[in-house]
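Source file: entry01.csv. Holds: CSV, C-alpha atoms.
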chain,number,residue,atom,x,y,z
A,117,MET,CA,-21.0,-18.5,24.2
A,118,VAL,CA,-18.9,-21.6,24.4
A,119,PRO,CA,-20.6,-24.5,26.1
A,120,THR,CA,-19.0,-25.8,29.2
A,121,LEU,CA,-18.6,-29.3,30.4
A,122,MET,CA,-18.3,-30.8,33.9
A,123,ALA,CA,-14.8,-31.9,34.7
A,124,ASN,CA,-14.3,-35.6,35.0
A,125,VAL,CA,-17.3,-36.4,32.8
A,126,LEU,CA,-16.3,-37.9,29.5
A,127,SER,CA,-18.0,-36.0,26.7
A,128,TYR,CA,-17.7,-36.7,23.1
A,129,GLY,CA,-18.6,-35.4,19.7
A,130,LEU,CA,-18.6,-36.7,16.2
A,131,VAL,CA,-17.4,-34.6,13.2
A,132,ASP,CA,-17.1,-35.2,9.6
A,133,SER,CA,-13.8,-34.6,7.8
A,134,PRO,CA,-12.2,-35.3,4.4
A,135,VAL,CA,-10.6,-38.3,6.0
A,136,GLY,CA,-13.8,-39.7,7.4
A,137,PRO,CA,-15.7,-39.3,10.7
A,138,LEU,CA,-13.6,-38.3,13.7
A,139,LEU,CA,-14.5,-39.0,17.3
A,140,LEU,CA,-13.5,-36.2,19.7
A,141,THR,CA,-13.4,-36.7,23.5
A,142,SER,CA,-13.0,-34.3,26.4
A,143,ASP,CA,-12.8,-34.5,30.2
A,144,GLY,CA,-14.2,-31.0,30.5
A,145,LEU,CA,-10.7,-29.5,30.9
A,146,GLY,CA,-9.4,-30.1,27.4
A,147,LEU,CA,-9.4,-32.4,24.4
A,148,THR,CA,-8.5,-35.9,25.5
A,149,GLY,CA,-8.9,-37.7,22.2
A,150,LEU,CA,-9.2,-37.3,18.4
A,151,TYR,CA,-9.7,-40.7,16.7
A,152,PRO,CA,-10.2,-41.4,13.1
A,153,ALA,CA,-12.7,-44.2,12.2
A,154,ARG,CA,-10.1,-46.9,11.8
A,155,HIS,CA,-7.9,-46.0,14.8
A,156,VAL,CA,-6.7,-49.1,16.5
A,157,ARG,CA,-7.3,-47.6,20.0
A,158,ARG,CA,-10.5,-45.7,19.2
A,159,PRO,CA,-12.9,-46.1,22.1
A,160,GLU,CA,-16.6,-46.5,21.6
A,161,PRO,CA,-18.9,-44.2,23.5
A,162,ASP,CA,-20.9,-46.1,26.1
A,163,ALA,CA,-23.7,-45.2,28.6
A,164,GLY,CA,-21.3,-43.3,30.8
A,165,TRP,CA,-20.4,-40.8,28.1
A,166,VAL,CA,-22.3,-37.7,27.2
A,167,ARG,CA,-22.6,-36.5,23.6
A,168,HIS,CA,-22.0,-32.8,23.4
A,169,ASP,CA,-21.2,-31.8,19.8
A,170,GLY,CA,-21.5,-28.1,20.6
A,171,PHE,CA,-18.6,-28.2,22.9
A,172,PHE,CA,-16.3,-29.2,20.0
A,173,THR,CA,-17.3,-26.5,17.5
A,174,GLY,CA,-14.0,-24.7,17.9
A,175,VAL,CA,-12.0,-27.8,17.3
A,176,LYS,CA,-14.2,-28.7,14.3
A,177,ASP,CA,-13.7,-25.2,12.9
A,178,GLN,CA,-9.9,-25.6,13.2
A,179,LEU,CA,-10.0,-29.1,11.6
A,180,ASP,CA,-12.0,-27.6,8.7
A,181,ALA,CA,-9.4,-24.9,8.3
A,182,TYR,CA,-6.6,-27.4,8.5
A,183,PHE,CA,-8.1,-29.6,5.8
A,184,ALA,CA,-8.8,-26.4,3.7
A,185,GLY,CA,-5.1,-25.5,3.9
A,186,ARG,CA,-5.7,-22.4,6.0
A,187,LEU,CA,-4.4,-23.6,9.3
A,188,THR,CA,-1.0,-25.1,10.1
A,189,ARG,CA,-1.0,-24.9,13.9
A,190,PHE,CA,-3.9,-25.7,16.2
A,191,GLU,CA,-5.0,-23.7,19.2
A,192,VAL,CA,-6.7,-26.2,21.4
A,193,THR,CA,-6.3,-27.0,25.1
A,194,LEU,CA,-5.2,-30.6,25.3
A,195,SER,CA,-5.6,-33.0,28.2
A,196,PRO,CA,-4.4,-36.4,27.1
A,197,ALA,CA,-3.9,-39.2,29.7
A,198,GLY,CA,-0.4,-40.7,29.6
A,199,THR,CA,2.8,-41.4,31.4
A,200,PRO,CA,5.2,-38.5,32.0
A,201,PHE,CA,7.4,-39.9,29.2
A,202,GLN,CA,4.5,-40.2,26.8
A,203,ARG,CA,3.5,-36.6,27.5
A,204,ARG,CA,7.1,-35.5,26.9
A,205,VAL,CA,7.0,-37.2,23.5
A,206,TRP,CA,3.6,-35.7,22.7
A,207,ASP,CA,4.9,-32.2,23.6
A,208,ALA,CA,7.8,-32.8,21.3
A,209,LEU,CA,5.4,-33.8,18.5
A,210,LEU,CA,3.7,-30.4,18.8
A,211,GLU,CA,7.0,-28.8,17.9
A,212,ILE,CA,7.4,-30.6,14.5
A,213,PRO,CA,6.6,-28.0,11.9
A,214,PHE,CA,3.7,-28.4,9.5
A,215,GLY,CA,4.8,-30.2,6.4
A,216,ALA,CA,8.0,-31.5,8.0
A,217,THR,CA,8.9,-35.0,9.2
A,218,VAL,CA,11.4,-36.3,11.7
A,219,THR,CA,12.5,-39.8,12.4
A,220,TYR,CA,11.9,-41.7,15.7
A,221,GLY,CA,15.7,-41.5,16.3
A,222,GLU,CA,15.7,-37.7,15.8
A,223,LEU,CA,12.8,-37.3,18.1
A,224,ALA,CA,14.5,-39.4,20.8
A,225,ALA,CA,17.7,-37.3,20.4
A,226,GLN,CA,15.7,-34.1,20.8
A,227,LEU,CA,14.3,-35.5,24.1
A,228,GLY,CA,17.9,-36.2,25.3
A,229,LYS,CA,17.4,-40.0,25.0
A,230,PRO,CA,19.2,-40.8,21.7
A,231,SER,CA,19.0,-44.6,22.3
A,232,ALA,CA,15.3,-44.5,23.1
A,233,SER,CA,13.9,-44.5,19.6
A,234,ARG,CA,11.8,-47.6,20.3
A,235,ALA,CA,10.3,-46.1,23.4
A,236,VAL,CA,9.6,-42.9,21.5
A,237,GLY,CA,7.9,-45.0,18.8
A,238,LEU,CA,5.7,-46.7,21.4
A,239,ALA,CA,4.7,-43.4,23.0
A,240,ASN,CA,4.0,-42.0,19.6
A,241,GLY,CA,1.7,-44.9,18.9
A,242,ARG,CA,-0.2,-44.2,22.1
A,243,ASN,CA,-0.9,-40.6,21.2
A,244,PRO,CA,-4.7,-40.2,21.7
A,245,ILE,CA,-5.0,-36.9,19.8
A,246,SER,CA,-4.4,-37.7,16.2
A,247,ILE,CA,-3.8,-34.9,13.7
A,248,ILE,CA,-3.7,-32.1,16.3
A,249,VAL,CA,-0.7,-33.8,18.1
A,250,PRO,CA,1.0,-34.7,14.8
A,251,CYS,CA,2.3,-38.2,15.3
A,252,HIS,CA,1.8,-38.7,11.6
A,253,ARG,CA,4.9,-36.5,11.0
A,254,VAL,CA,7.2,-39.2,12.5
A,255,VAL,CA,8.8,-41.6,10.0
A,256,GLY,CA,11.2,-44.5,10.0
A,257,ARG,CA,15.0,-44.1,10.0
A,258,ASP,CA,15.0,-44.5,6.2
A,259,GLY,CA,12.3,-42.0,5.7
A,260,LYS,CA,9.6,-44.6,5.0
A,261,LEU,CA,6.2,-44.6,6.6
A,262,THR,CA,5.9,-46.9,9.5
A,263,GLY,CA,3.2,-47.7,12.0
A,264,TYR,CA,0.3,-45.3,12.5
A,265,ALA,CA,-2.7,-46.1,14.7
A,266,GLY,CA,-5.0,-44.6,12.1
A,267,GLY,CA,-3.5,-46.7,9.4
A,268,LEU,CA,-0.7,-46.0,6.9
A,269,GLU,CA,-3.1,-44.8,4.2
A,270,LEU,CA,-4.3,-42.0,6.6
A,271,LYS,CA,-0.7,-41.2,7.5
A,272,ARG,CA,0.1,-40.9,3.8
A,273,THR,CA,-2.9,-38.8,3.2
A,274,LEU,CA,-2.1,-36.3,6.0
A,275,LEU,CA,1.5,-36.0,5.0
A,276,GLY,CA,0.5,-35.5,1.3
A,277,HIS,CA,-2.0,-32.9,2.3
A,278,GLU,CA,0.6,-31.0,4.3
A,279,ALA,CA,3.1,-31.2,1.5
A,280,GLN,CA,0.6,-29.9,-1.0
A,281,VAL,CA,-0.4,-27.0,1.2
A,282,SER,CA,3.3,-26.1,1.9
A,283,MET,CA,4.2,-26.4,-1.8
A,284,HIS,CA,1.3,-24.1,-2.9
A,285,GLY,CA,2.0,-21.5,-0.3
A,286,LEU,CA,-1.4,-21.8,1.4
A,287,TRP,CA,-0.8,-20.5,4.9
A,288,PRO,CA,-3.1,-20.1,7.8
A,289,THR,CA,-5.6,-17.4,8.6
A,290,PRO,CA,-6.6,-17.0,12.2
A,291,VAL,CA,-9.5,-19.3,13.3
A,292,PRO,CA,-11.5,-17.8,16.2
A,293,THR,CA,-11.4,-20.1,19.2
A,294,ALA,CA,-12.2,-19.8,22.9
A,295,VAL,CA,-9.2,-21.8,24.0
A,296,GLY,CA,-5.5,-21.2,24.1
A,297,ALA,CA,-2.6,-22.5,22.0
A,298,ALA,CA,-2.2,-26.3,21.6
A,299,ARG,CA,-0.5,-27.5,24.7
A,300,LEU,CA,-0.7,-30.3,27.1
A,301,GLU,CA,-2.3,-29.6,30.4
A,302,VAL,CA,-0.5,-30.8,33.6
Using the file provided, produce a representation of the structure as structure tokens.
Amino acid sequence: MVPTLMANVLSYGLVDSPVGPLLLTSDGLGLTGLYPARHVRRPEPDAGWVRHDGFFTGVKDQLDAYFAGRLTRFEVTLSPAGTPFQRRVWDALLEIPFGATVTYGELAAQLGKPSASRAVGLANGRNPISIIVPCHRVVGRDGKLTGYAGGLELKRTLLGHEAQVSMHGLWPTPVPTAVGAARLEV
């Protein structure tokens, strides 16, 4: 049985990963945040938050499978807070294939806003759900790694992991989950 949370109550869980501890947050409707330890916008739980690690077991299992090279697409209900433009950018990030990269300009063009690469970069930087919403797959115009809220070393690590998994042909096996495909909730 999957634990349930009350809507509008911020719950959190902490999980270990090969890239360090991850803070997961939820509003009871979906995942609202996934923050590595050194994320520049990582919130700190306070007295108004409720720790509920059990609620995040499905996400943890999928993260474990991702880091083991068995999962290339997450199936998690997402509920990030953001502007309509940010949410469009985050939806577009979900379409970047595992192991691939795109530039900020390419992402802006895909959104029908070819001159908005800076705005796309700002929205990308505000993504509250690292790894699952793969903002690490966006690179500079010259292919170089640029800003990442979790730090460039983490971005390099995630891209290296995905390249290695892709090169060695390790592909996903289904991970049981009680939630639907990764998508942003309206």
Hey, which bits of segment 158-273 of chain A sit within 12 Å of segment 138-147 of chain A, and for each residue what's the closest pair of atoms and how far apart in Å (one decimal), counting only C-alpha atoms, rows by chain and increasing number, as CSV?
residue,atom,partner,partner_atom,distance
A:Arg158,CA,A:Leu139,CA,8.0
A:Pro159,CA,A:Leu139,CA,8.7
A:Glu160,CA,A:Leu139,CA,8.9
A:Pro161,CA,A:Leu139,CA,9.2
A:Trp165,CA,A:Thr141,CA,9.3
A:Val166,CA,A:Thr141,CA,9.7
A:Arg167,CA,A:Thr141,CA,9.2
A:His168,CA,A:Thr141,CA,9.4
A:Asp169,CA,A:Leu140,CA,8.9
A:Gly170,CA,A:Leu140,CA,11.4
A:Phe171,CA,A:Ser142,CA,9.0
A:Phe172,CA,A:Leu140,CA,7.5
A:Thr173,CA,A:Leu140,CA,10.6
A:Gly174,CA,A:Leu147,CA,11.1
A:Val175,CA,A:Leu147,CA,8.9
A:Lys176,CA,A:Leu140,CA,9.3
A:Leu179,CA,A:Leu138,CA,10.1
A:Asp180,CA,A:Leu138,CA,11.9
A:Phe190,CA,A:Leu147,CA,11.9
A:Glu191,CA,A:Leu147,CA,11.0
A:Val192,CA,A:Leu147,CA,7.4
A:Thr193,CA,A:Gly146,CA,5.0
A:Leu194,CA,A:Leu147,CA,4.7
A:Ser195,CA,A:Gly146,CA,4.8
A:Pro196,CA,A:Leu147,CA,6.9
A:Ala197,CA,A:Asp143,CA,10.1
A:Pro244,CA,A:Leu147,CA,9.5
A:Ile245,CA,A:Leu147,CA,7.8
A:Ser246,CA,A:Leu138,CA,9.6
A:Ile247,CA,A:Leu138,CA,10.4
A:Ile248,CA,A:Leu147,CA,9.9
A:Val249,CA,A:Leu147,CA,10.8
A:Gly266,CA,A:Leu138,CA,10.8
task = Quote the spacing between atom CA of Gly164 of chain A and atom CA of Ser127 of chain A in Å to one decimal place.
result = 9.0 Å
ask   = Quick one: distance from atom CA of Gly215 of chain A to atom CA of Ser282 of chain A in Å, one decimal?
value = 6.3 Å
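Pairwise distance (atom CA of Leu270 of chain A, atom CA of Ala225 of chain A) equals 26.4 Å.
Among the candidates A:Arg242, A:Arg234, A:Arg257, A:His252, the residue lying nearest to Gly149 of chain A is A:Arg242 (atoms considered: all atoms listed in the file).
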key: Pick from A:Gly185, A:Gly136, A:Arg157, A:Ala163, whichever lies nearest to Gln280 of chain A using all atoms listed in the file   = A:Gly185
Box time for segment 174-190 of chain A: axis-aligned, enclosing all its listed atoms, 4 Å extra on each side; report centre and edge lengths in Å to one decimal, as AutoDock Vina command-line options.
--center_x -7.6 --center_y -26.0 --center_z 10.8 --size_x 21.2 --size_y 15.2 --size_z 22.2
query = Smallest atom-to-atom distance to Gly259 of chain A: which of A:Asp162, A:Met283, A:Glu222, A:Ser231, using only C-alpha atoms?
reply =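 Nearest to Gly259 of chain A: A:Glu222.
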Identify the residues within 12 Å of coordinate (5.1, -42.6, 17.4) (same frame as the file), considering only C-alpha atoms, and give the answer as a PDB file with C-alpha atoms, in the coordinates of the input.
ATOM      1  CA  GLN A 202       4.500 -40.200  26.800  1.00  0.00           C
ATOM      2  CA  ARG A 203       3.500 -36.600  27.500  1.00  0.00           C
ATOM      3  CA  VAL A 205       7.000 -37.200  23.500  1.00  0.00           C
ATOM      4  CA  TRP A 206       3.600 -35.700  22.700  1.00  0.00           C
ATOM      5  CA  ALA A 208       7.800 -32.800  21.300  1.00  0.00           C
ATOM      6  CA  LEU A 209       5.400 -33.800  18.500  1.00  0.00           C
ATOM      7  CA  THR A 217       8.900 -35.000   9.200  1.00  0.00           C
ATOM      8  CA  VAL A 218      11.400 -36.300  11.700  1.00  0.00           C
ATOM      9  CA  THR A 219      12.500 -39.800  12.400  1.00  0.00           C
ATOM     10  CA  TYR A 220      11.900 -41.700  15.700  1.00  0.00           C
ATOM     11  CA  GLY A 221      15.700 -41.500  16.300  1.00  0.00           C
ATOM     12  CA  GLU A 222      15.700 -37.700  15.800  1.00  0.00           C
ATOM     13  CA  LEU A 223      12.800 -37.300  18.100  1.00  0.00           C
ATOM     14  CA  ALA A 224      14.500 -39.400  20.800  1.00  0.00           C
ATOM     15  CA  ALA A 232      15.300 -44.500  23.100  1.00  0.00           C
ATOM     16  CA  SER A 233      13.900 -44.500  19.600  1.00  0.00           C
ATOM     17  CA  ARG A 234      11.800 -47.600  20.300  1.00  0.00           C
ATOM     18  CA  ALA A 235      10.300 -46.100  23.400  1.00  0.00           C
ATOM     19  CA  VAL A 236       9.600 -42.900  21.500  1.00  0.00           C
ATOM     20  CA  GLY A 237       7.900 -45.000  18.800  1.00  0.00           C
ATOM     21  CA  LEU A 238       5.700 -46.700  21.400  1.00  0.00           C
ATOM     22  CA  ALA A 239       4.700 -43.400  23.000  1.00  0.00           C
ATOM     23  CA  ASN A 240       4.000 -42.000  19.600  1.00  0.00           C
ATOM     24  CA  GLY A 241       1.700 -44.900  18.900  1.00  0.00           C
ATOM     25  CA  ARG A 242      -0.200 -44.200  22.100  1.00  0.00           C
ATOM     26  CA  ASN A 243      -0.900 -40.600  21.200  1.00  0.00           C
ATOM     27  CA  PRO A 244      -4.700 -40.200  21.700  1.00  0.00           C
ATOM     28  CA  ILE A 245      -5.000 -36.900  19.800  1.00  0.00           C
ATOM     29  CA  SER A 246      -4.400 -37.700  16.200  1.00  0.00           C
ATOM     30  CA  VAL A 249      -0.700 -33.800  18.100  1.00  0.00           C
ATOM     31  CA  PRO A 250       1.000 -34.700  14.800  1.00  0.00           C
ATOM     32  CA  CYS A 251       2.300 -38.200  15.300  1.00  0.00           C
ATOM     33  CA  HIS A 252       1.800 -38.700  11.600  1.00  0.00           C
ATOM     34  CA  ARG A 253       4.900 -36.500  11.000  1.00  0.00           C
ATOM     35  CA  VAL A 254       7.200 -39.200  12.500  1.00  0.00           C
ATOM     36  CA  VAL A 255       8.800 -41.600  10.000  1.00  0.00           C
ATOM     37  CA  GLY A 256      11.200 -44.500  10.000  1.00  0.00           C
ATOM     38  CA  LEU A 261       6.200 -44.600   6.600  1.00  0.00           C
ATOM     39  CA  THR A 262       5.900 -46.900   9.500  1.00  0.00           C
ATOM     40  CA  GLY A 263       3.200 -47.700  12.000  1.00  0.00           C
ATOM     41  CA  TYR A 264       0.300 -45.300  12.500  1.00  0.00           C
ATOM     42  CA  ALA A 265      -2.700 -46.100  14.700  1.00  0.00           C
ATOM     43  CA  GLY A 266      -5.000 -44.600  12.100  1.00  0.00           C
ATOM     44  CA  LYS A 271      -0.700 -41.200   7.500  1.00  0.00           C
TER      45      LYS A 271
END
